[in-house]
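To be precise, the following lines are model.pdb, and they hold PDB, C-alpha atoms, pLDDT in the B column.
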```pdb
ATOM      1  CA  MET A   1      34.261 -92.570 -20.851  1.00 37.00           C
ATOM      2  CA  MET A   2      30.887 -94.188 -20.244  1.00 38.00           C
ATOM      3  CA  ALA A   3      27.774 -92.064 -20.716  1.00 40.00           C
ATOM      4  CA  SER A   4      25.697 -91.304 -17.637  1.00 43.00           C
ATOM      5  CA  GLU A   5      22.195 -92.732 -17.221  1.00 42.00           C
ATOM      6  CA  ALA A   6      20.712 -89.274 -17.839  1.00 46.00           C
ATOM      7  CA  GLU A   7      22.608 -88.971 -21.128  1.00 46.00           C
ATOM      8  CA  LYS A   8      21.400 -92.432 -22.184  1.00 38.00           C
ATOM      9  CA  ASP A   9      17.822 -91.408 -21.420  1.00 46.00           C
ATOM     10  CA  ARG A  10      18.184 -88.225 -23.468  1.00 48.00           C
ATOM     11  CA  ARG A  11      19.590 -90.198 -26.409  1.00 52.00           C
ATOM     12  CA  GLY A  12      16.434 -92.343 -26.357  1.00 49.00           C
ATOM     13  CA  CYS A  13      14.228 -89.266 -26.028  1.00 62.00           C
ATOM     14  CA  SER A  14      13.015 -87.616 -29.223  1.00 60.00           C
ATOM     15  CA  SER A  15      11.902 -84.042 -28.572  1.00 73.00           C
ATOM     16  CA  MET A  16       9.331 -82.100 -26.614  1.00 83.00           C
ATOM     17  CA  ASP A  17       5.719 -83.200 -27.046  1.00 91.00           C
ATOM     18  CA  VAL A  18       2.666 -81.222 -25.969  1.00 95.00           C
ATOM     19  CA  LEU A  19      -0.461 -83.273 -25.250  1.00 95.00           C
ATOM     20  CA  VAL A  20      -3.837 -81.541 -25.611  1.00 96.00           C
ATOM     21  CA  ALA A  21      -7.374 -82.294 -26.761  1.00 95.00           C
ATOM     22  CA  SER A  22      -7.757 -80.971 -30.302  1.00 95.00           C
ATOM     23  CA  GLU A  23     -11.378 -79.968 -29.649  1.00 95.00           C
ATOM     24  CA  ILE A  24     -13.475 -79.287 -26.537  1.00 95.00           C
ATOM     25  CA  ASN A  25     -17.213 -78.634 -26.261  1.00 95.00           C
ATOM     26  CA  ALA A  26     -18.312 -76.475 -23.317  1.00 95.00           C
ATOM     27  CA  LEU A  27     -21.789 -75.609 -22.071  1.00 95.00           C
ATOM     28  CA  ASN A  28     -22.548 -71.912 -21.869  1.00 95.00           C
ATOM     29  CA  GLY A  29     -22.251 -70.753 -18.247  1.00 94.00           C
ATOM     30  CA  SER A  30     -20.280 -73.801 -17.073  1.00 95.00           C
ATOM     31  CA  THR A  31     -16.701 -74.151 -15.795  1.00 96.00           C
ATOM     32  CA  ILE A  32     -14.334 -76.234 -17.912  1.00 96.00           C
ATOM     33  CA  LYS A  33     -10.762 -77.478 -17.706  1.00 97.00           C
ATOM     34  CA  ILE A  34      -8.502 -76.947 -20.709  1.00 97.00           C
ATOM     35  CA  SER A  35      -5.682 -79.461 -20.343  1.00 97.00           C
ATOM     36  CA  CYS A  36      -2.093 -79.117 -21.549  1.00 97.00           C
ATOM     37  CA  VAL A  37       0.649 -81.545 -20.515  1.00 96.00           C
ATOM     38  CA  PHE A  38       4.165 -81.706 -21.968  1.00 95.00           C
ATOM     39  CA  THR A  39       6.975 -84.246 -22.068  1.00 92.00           C
ATOM     40  CA  SER A  40      10.633 -83.255 -22.367  1.00 89.00           C
ATOM     41  CA  CYS A  41      14.033 -84.901 -22.554  1.00 85.00           C
ATOM     42  CA  TYR A  42      15.217 -82.589 -19.797  1.00 89.00           C
ATOM     43  CA  LYS A  43      14.196 -81.705 -16.287  1.00 88.00           C
ATOM     44  CA  MET A  44      12.395 -78.403 -15.938  1.00 88.00           C
ATOM     45  CA  TYR A  45      14.632 -75.602 -14.695  1.00 86.00           C
ATOM     46  CA  THR A  46      12.532 -72.734 -13.393  1.00 86.00           C
ATOM     47  CA  SER A  47      15.109 -70.135 -14.446  1.00 87.00           C
ATOM     48  CA  LYS A  48      15.014 -71.201 -18.093  1.00 90.00           C
ATOM     49  CA  PHE A  49      11.495 -72.602 -18.512  1.00 93.00           C
ATOM     50  CA  THR A  50       8.970 -70.479 -20.457  1.00 94.00           C
ATOM     51  CA  MET A  51       5.272 -71.009 -21.047  1.00 96.00           C
ATOM     52  CA  ASN A  52       2.387 -68.947 -22.494  1.00 96.00           C
ATOM     53  CA  TRP A  53      -1.346 -69.409 -22.985  1.00 98.00           C
ATOM     54  CA  THR A  54      -2.873 -67.402 -25.846  1.00 97.00           C
ATOM     55  CA  TYR A  55      -6.322 -66.999 -27.391  1.00 98.00           C
ATOM     56  CA  GLN A  56      -7.426 -66.160 -30.913  1.00 97.00           C
ATOM     57  CA  GLU A  57     -10.898 -66.147 -32.437  1.00 95.00           C
ATOM     58  CA  THR A  58      -9.662 -68.103 -35.477  1.00 94.00           C
ATOM     59  CA  LEU A  59      -6.282 -69.411 -36.621  1.00 92.00           C
ATOM     60  CA  ASN A  60      -5.956 -66.369 -38.872  1.00 93.00           C
ATOM     61  CA  ASP A  61      -6.498 -63.815 -36.091  1.00 95.00           C
ATOM     62  CA  THR A  62      -3.983 -62.113 -33.793  1.00 95.00           C
ATOM     63  CA  GLU A  63      -3.135 -64.019 -30.618  1.00 96.00           C
ATOM     64  CA  GLU A  64      -3.945 -62.538 -27.207  1.00 96.00           C
ATOM     65  CA  MET A  65      -1.774 -63.731 -24.312  1.00 97.00           C
ATOM     66  CA  PHE A  66      -3.765 -64.274 -21.112  1.00 97.00           C
ATOM     67  CA  MET A  67      -1.434 -66.401 -18.943  1.00 96.00           C
ATOM     68  CA  THR A  68       2.356 -66.767 -18.650  1.00 96.00           C
ATOM     69  CA  TYR A  69       5.083 -68.261 -16.473  1.00 96.00           C
ATOM     70  CA  TYR A  70       7.438 -66.262 -14.241  1.00 93.00           C
ATOM     71  CA  SER A  71      10.425 -67.966 -12.614  1.00 89.00           C
ATOM     72  CA  LYS A  72       9.689 -66.393  -9.232  1.00 88.00           C
ATOM     73  CA  LYS A  73       5.884 -66.323  -9.373  1.00 91.00           C
ATOM     74  CA  GLY A  74       5.013 -69.417 -11.348  1.00 92.00           C
ATOM     75  CA  MET A  75       1.932 -69.405 -13.569  1.00 95.00           C
ATOM     76  CA  VAL A  76       0.270 -65.975 -13.528  1.00 94.00           C
ATOM     77  CA  PRO A  77      -2.966 -64.894 -15.277  1.00 94.00           C
ATOM     78  CA  LEU A  78      -2.533 -61.660 -17.242  1.00 94.00           C
ATOM     79  CA  ARG A  79      -4.984 -58.791 -17.333  1.00 91.00           C
ATOM     80  CA  SER A  80      -7.567 -59.529 -19.987  1.00 91.00           C
ATOM     81  CA  ASP A  81     -10.721 -57.660 -20.940  1.00 91.00           C
ATOM     82  CA  ARG A  82     -12.067 -60.842 -22.472  1.00 93.00           C
ATOM     83  CA  PHE A  83     -11.583 -63.222 -19.539  1.00 95.00           C
ATOM     84  CA  GLY A  84     -11.278 -60.900 -16.532  1.00 93.00           C
ATOM     85  CA  GLU A  85     -10.591 -63.136 -13.526  1.00 93.00           C
ATOM     86  CA  ARG A  86     -12.304 -66.216 -14.963  1.00 96.00           C
ATOM     87  CA  VAL A  87      -9.056 -68.012 -15.897  1.00 97.00           C
ATOM     88  CA  LEU A  88      -7.069 -69.876 -13.228  1.00 96.00           C
ATOM     89  CA  PHE A  89      -4.067 -72.193 -13.290  1.00 97.00           C
ATOM     90  CA  ALA A  90      -5.211 -75.754 -12.514  1.00 96.00           C
ATOM     91  CA  GLY A  91      -2.107 -77.788 -13.340  1.00 96.00           C
ATOM     92  CA  ASN A  92       0.972 -79.047 -11.507  1.00 95.00           C
ATOM     93  CA  LEU A  93       4.412 -77.917 -12.691  1.00 93.00           C
ATOM     94  CA  ASP A  94       6.102 -80.840 -10.929  1.00 91.00           C
ATOM     95  CA  LYS A  95       4.139 -83.142 -13.244  1.00 93.00           C
ATOM     96  CA  ASN A  96       4.563 -80.985 -16.369  1.00 94.00           C
ATOM     97  CA  ASP A  97       0.862 -80.159 -16.207  1.00 96.00           C
ATOM     98  CA  LEU A  98       0.018 -76.658 -17.485  1.00 97.00           C
ATOM     99  CA  SER A  99      -3.781 -76.988 -17.500  1.00 97.00           C
ATOM    100  CA  ILE A 100      -6.145 -74.094 -16.796  1.00 97.00           C
ATOM    101  CA  THR A 101      -9.802 -73.682 -15.866  1.00 97.00           C
ATOM    102  CA  LEU A 102     -12.198 -71.231 -17.478  1.00 97.00           C
ATOM    103  CA  ALA A 103     -15.195 -70.257 -15.353  1.00 97.00           C
ATOM    104  CA  ASP A 104     -18.613 -69.048 -16.499  1.00 96.00           C
ATOM    105  CA  VAL A 105     -17.962 -69.904 -20.145  1.00 96.00           C
ATOM    106  CA  GLN A 106     -19.441 -67.372 -22.583  1.00 95.00           C
ATOM    107  CA  ILE A 107     -20.302 -67.625 -26.262  1.00 95.00           C
ATOM    108  CA  GLU A 108     -17.506 -65.087 -26.918  1.00 95.00           C
ATOM    109  CA  ASP A 109     -14.969 -67.530 -25.403  1.00 97.00           C
ATOM    110  CA  GLU A 110     -15.312 -69.808 -28.416  1.00 97.00           C
ATOM    111  CA  GLY A 111     -12.114 -69.935 -30.440  1.00 97.00           C
ATOM    112  CA  VAL A 112      -8.553 -71.282 -30.510  1.00 98.00           C
ATOM    113  CA  TYR A 113      -6.450 -71.729 -27.339  1.00 98.00           C
ATOM    114  CA  ASN A 114      -2.675 -72.135 -27.722  1.00 98.00           C
ATOM    115  CA  CYS A 115      -0.366 -73.737 -25.171  1.00 98.00           C
ATOM    116  CA  TYR A 116       3.279 -72.797 -25.844  1.00 97.00           C
ATOM    117  CA  VAL A 117       6.091 -74.516 -23.905  1.00 96.00           C
ATOM    118  CA  LYS A 118       9.863 -74.217 -24.036  1.00 93.00           C
ATOM    119  CA  ASN A 119      12.160 -76.146 -21.717  1.00 92.00           C
ATOM    120  CA  PRO A 120      15.876 -75.531 -22.475  1.00 90.00           C
ATOM    121  CA  PRO A 121      18.115 -77.172 -23.370  1.00 87.00           C
ATOM    122  CA  ASP A 122      15.303 -78.526 -25.600  1.00 87.00           C
ATOM    123  CA  ARG A 123      15.631 -76.427 -28.721  1.00 85.00           C
ATOM    124  CA  ILE A 124      12.104 -77.023 -30.001  1.00 87.00           C
ATOM    125  CA  GLN A 125       9.211 -75.023 -28.609  1.00 90.00           C
ATOM    126  CA  GLY A 126       6.196 -77.229 -27.914  1.00 93.00           C
ATOM    127  CA  HIS A 127       2.817 -76.031 -29.174  1.00 95.00           C
ATOM    128  CA  GLY A 128      -0.627 -77.396 -28.421  1.00 96.00           C
ATOM    129  CA  VAL A 129      -3.748 -76.116 -30.214  1.00 97.00           C
ATOM    130  CA  ILE A 130      -7.249 -76.523 -28.744  1.00 97.00           C
ATOM    131  CA  GLN A 131     -10.490 -75.537 -30.488  1.00 97.00           C
ATOM    132  CA  LEU A 132     -13.128 -74.561 -27.918  1.00 97.00           C
ATOM    133  CA  ASN A 133     -16.772 -74.784 -28.993  1.00 96.00           C
ATOM    134  CA  VAL A 134     -19.459 -73.222 -26.794  1.00 95.00           C
ATOM    135  CA  VAL A 135     -23.004 -74.601 -26.905  1.00 93.00           C
ATOM    136  CA  THR A 136     -26.058 -72.948 -25.407  1.00 89.00           C
ATOM    137  CA  LYS A 137     -28.193 -74.423 -22.641  1.00 72.00           C
ATOM    138  CA  LEU A 138     -31.015 -76.675 -23.770  1.00 55.00           C
ATOM    139  CA  PRO A 139     -33.873 -76.942 -23.200  1.00 42.00           C
ATOM    140  CA  THR A 140     -34.960 -73.397 -22.370  1.00 57.00           C
ATOM    141  CA  PRO A 141     -37.410 -72.836 -19.458  1.00 55.00           C
ATOM    142  CA  ARG A 142     -40.262 -72.339 -21.948  1.00 56.00           C
ATOM    143  CA  ASP A 143     -39.455 -75.610 -23.685  1.00 48.00           C
ATOM    144  CA  SER A 144     -39.323 -77.316 -20.297  1.00 44.00           C
ATOM    145  CA  THR A 145     -42.790 -75.953 -19.415  1.00 45.00           C
ATOM    146  CA  ILE A 146     -44.196 -77.139 -22.737  1.00 42.00           C
ATOM    147  CA  ALA A 147     -42.576 -80.532 -22.238  1.00 41.00           C
ATOM    148  CA  VAL A 148     -44.148 -80.818 -18.769  1.00 43.00           C
ATOM    149  CA  ALA A 149     -47.555 -79.767 -20.130  1.00 39.00           C
ATOM    150  CA  ILE A 150     -47.344 -82.285 -22.966  1.00 40.00           C
ATOM    151  CA  GLY A 151     -46.209 -84.964 -20.561  1.00 45.00           C
ATOM    152  CA  ALA A 152     -49.115 -84.187 -18.223  1.00 46.00           C
ATOM    153  CA  SER A 153     -51.616 -84.297 -21.119  1.00 44.00           C
ATOM    154  CA  VAL A 154     -50.282 -87.607 -22.379  1.00 42.00           C
ATOM    155  CA  GLY A 155     -50.247 -88.992 -18.853  1.00 48.00           C
ATOM    156  CA  GLY A 156     -53.842 -87.831 -18.273  1.00 50.00           C
ATOM    157  CA  ALA A 157     -55.040 -89.360 -21.536  1.00 48.00           C
ATOM    158  CA  LEU A 158     -53.291 -92.620 -20.713  1.00 49.00           C
ATOM    159  CA  ALA A 159     -54.838 -92.704 -17.245  1.00 48.00           C
ATOM    160  CA  LEU A 160     -58.291 -92.041 -18.752  1.00 57.00           C
ATOM    161  CA  LEU A 161     -57.790 -94.837 -21.271  1.00 55.00           C
ATOM    162  CA  ILE A 162     -56.759 -97.286 -18.542  1.00 50.00           C
ATOM    163  CA  LEU A 163     -59.774 -96.257 -16.412  1.00 54.00           C
ATOM    164  CA  SER A 164     -62.115 -96.776 -19.384  1.00 58.00           C
ATOM    165  CA  MET A 165     -60.678-100.232 -19.994  1.00 58.00           C
ATOM    166  CA  VAL A 166     -61.137-101.148 -16.342  1.00 47.00           C
ATOM    167  CA  VAL A 167     -64.762 -99.945 -16.389  1.00 49.00           C
ATOM    168  CA  VAL A 168     -65.534-101.879 -19.588  1.00 52.00           C
ATOM    169  CA  LYS A 169     -63.924-104.983 -18.132  1.00 56.00           C
ATOM    170  CA  CYS A 170     -65.957-104.654 -14.927  1.00 52.00           C
ATOM    171  CA  LEU A 171     -69.192-104.181 -16.886  1.00 60.00           C
ATOM    172  CA  ARG A 172     -68.446-107.239 -18.989  1.00 66.00           C
ATOM    173  CA  ARG A 173     -67.693-109.290 -15.881  1.00 62.00           C
ATOM    174  CA  HIS A 174     -70.898-108.062 -14.222  1.00 58.00           C
ATOM    175  CA  ARG A 175     -72.912-108.901 -17.338  1.00 68.00           C
ATOM    176  CA  LYS A 176     -71.332-112.334 -17.492  1.00 65.00           C
ATOM    177  CA  GLN A 177     -72.228-112.950 -13.857  1.00 66.00           C
ATOM    178  CA  GLU A 178     -75.828-111.888 -14.579  1.00 67.00           C
ATOM    179  CA  LEU A 179     -76.057-114.256 -17.538  1.00 65.00           C
ATOM    180  CA  MET A 180     -74.637-117.074 -15.437  1.00 69.00           C
ATOM    181  CA  SER A 181     -77.171-116.301 -12.695  1.00 65.00           C
ATOM    182  CA  GLU A 182     -80.038-116.299 -15.194  1.00 65.00           C
ATOM    183  CA  GLU A 183     -78.873-119.588 -16.699  1.00 67.00           C
ATOM    184  CA  LYS A 184     -78.551-121.084 -13.236  1.00 65.00           C
ATOM    185  CA  MET A 185     -82.016-119.895 -12.237  1.00 66.00           C
ATOM    186  CA  GLU A 186     -83.444-121.231 -15.504  1.00 67.00           C
ATOM    187  CA  GLU A 187     -81.757-124.578 -14.934  1.00 68.00           C
ATOM    188  CA  GLU A 188     -83.035-124.754 -11.367  1.00 63.00           C
ATOM    189  CA  GLY A 189     -86.541-123.913 -12.639  1.00 64.00           C
ATOM    190  CA  LYS A 190     -86.405-126.761 -15.131  1.00 63.00           C
ATOM    191  CA  LEU A 191     -85.248-129.200 -12.464  1.00 61.00           C
ATOM    192  CA  GLU A 192     -87.999-128.060 -10.107  1.00 62.00           C
ATOM    193  CA  ALA A 193     -90.626-128.428 -12.821  1.00 58.00           C
ATOM    194  CA  GLU A 194     -89.408-131.920 -13.679  1.00 61.00           C
ATOM    195  CA  GLY A 195     -89.587-132.848  -9.978  1.00 60.00           C
ATOM    196  CA  VAL A 196     -93.193-131.631  -9.668  1.00 51.00           C
ATOM    197  CA  ALA A 197     -94.189-133.503 -12.826  1.00 54.00           C
ATOM    198  CA  GLU A 198     -92.604-136.683 -11.538  1.00 57.00           C
ATOM    199  CA  GLU A 199     -94.382-136.340  -8.201  1.00 56.00           C
ATOM    200  CA  GLY A 200     -97.705-135.814  -9.968  1.00 53.00           C
ATOM    201  CA  THR A 201     -97.189-138.912 -12.073  1.00 51.00           C
ATOM    202  CA  LYS A 202     -96.624-140.991  -8.969  1.00 50.00           C
ATOM    203  CA  HIS A 203    -100.002-139.912  -7.504  1.00 49.00           C
ATOM    204  CA  ALA A 204    -101.935-140.253 -10.774  1.00 47.00           C
ATOM    205  CA  TYR A 205    -100.770-143.753 -11.628  1.00 46.00           C
ATOM    206  CA  PRO A 206    -100.417-145.857  -8.446  1.00 50.00           C
ATOM    207  CA  LEU A 207     -98.505-149.104  -8.645  1.00 46.00           C
ATOM    208  CA  PRO A 208    -100.551-152.404  -8.746  1.00 48.00           C
ATOM    209  CA  GLU A 209     -99.500-153.479  -5.298  1.00 50.00           C
ATOM    210  CA  ASP A 210    -100.995-150.284  -3.898  1.00 47.00           C
ATOM    211  CA  ILE A 211    -104.471-151.055  -5.328  1.00 42.00           C
TER     212      ILE A 211
END
```
Just give me the structure of the file as structure tokens.
Amino acid sequence: MMASEAEKDRRGCSSMDVLVASEINALNGSTIKISCVFTSCYKMYTSKFTMNWTYQETLNDTEEMFMTYYSKKGMVPLRSDRFGERVLFAGNLDKNDLSITLADVQIEDEGVYNCYVKNPPDRIQGHGVIQLNVVTKLPTPRDSTIAVAIGASVGGALALLILSMVVVKCLRRHRKQELMSEEKMEEEGKLEAEGVAEEGTKHAYPLPEDI
């Protein structure tokens, strides 16, 4: 008997894989998406499918479950003193997307996030591990004020320097114009003196035909 297309596909399929980012950096106070997508050799049956999100401060600490899957309710956040109502399901089960969002990220949220998936008849439980790092906001308001003050001081000094250069350039140009005017006046004075001398010579020494 020939194998069905589905059976052929399963023969070429290895096992369940869970795709996650190994490390995520989040800004304190922001909202982030923690992605988890799985692949399976079998279609997801809601009555058999299981999924859990857990948190632990380090890999050596006890895990705290904060979201799970119910066949009749779907993905449901669990009561958590750590997260409150800040965790929401942001994936799409039809696309094997089990991602979540974490709002108003806090320093205390830093740690390890585990995405567990089991999709029978797959025998292997998929497991994705994400390390979340939380960084504080920078710069602080005080640093911003100092930066603005420094920027204003540098800008003022630069403007003063440019103004000084313009003034010096104008003074030099004015001085150059004065020197040119003096030279021109001196040259005109020489020409005028030469003209008077020439005129005087004409009257002092008349030509022979004028005698």
For Asp94 (chain A): contacts at 12 Å, only C-alpha atoms, fewer than 5 positions along chain excluded, given as a tab-separated table (two decimals) with C-alpha atoms, in the coordinates of the input:
```
chain	number	residue	atom	x	y	z
A	37	VAL	CA	0.65	-81.54	-20.52
A	38	PHE	CA	4.16	-81.71	-21.97
A	39	THR	CA	6.98	-84.25	-22.07
A	43	LYS	CA	14.20	-81.70	-16.29
A	44	MET	CA	12.40	-78.40	-15.94
A	45	TYR	CA	14.63	-75.60	-14.70
A	46	THR	CA	12.53	-72.73	-13.39
A	74	GLY	CA	5.01	-69.42	-11.35
```
Tell me, as number ranges by chain, which residues lie within 6 Å of region 131-138 of chain A, counting only C-alpha atoms; anything in the same chain fewer than 3 positions away does not count.
A: 23-28, 107, 110-112
Which residue out of A:Gly128, A:Lys33, A:Ser22, A:Asp17 has the minimum interatomic distance to Gly91 (chain A) when all atoms listed in the file are used?
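Counting all atoms listed in the file, the residue closest to Gly91 (chain A) is A:Lys33.
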Show me, as JSON, numbers by chain, the residues that have an atom within 12 Å of Val18 (chain A) when counting all atoms listed in the file, minus same-chain residues fewer than 3 positions from it.
{"A": [15, 21, 22, 35, 36, 37, 38, 39, 40, 51, 96, 97, 98, 99, 114, 115, 116, 117, 118, 119, 124, 125, 126, 127, 128, 129, 130]}
Residue members of the PyMOL selection byres ((chain A and resi 30) around 9) in the file shown, as an MDAnalysis selection string
chainID A and resid 26:29 31:32 102:106
Could you state the separation of CA of Met16 (chain A) and CA of Cys41 (chain A) in Å, given to one decimal place?
6.8 Å
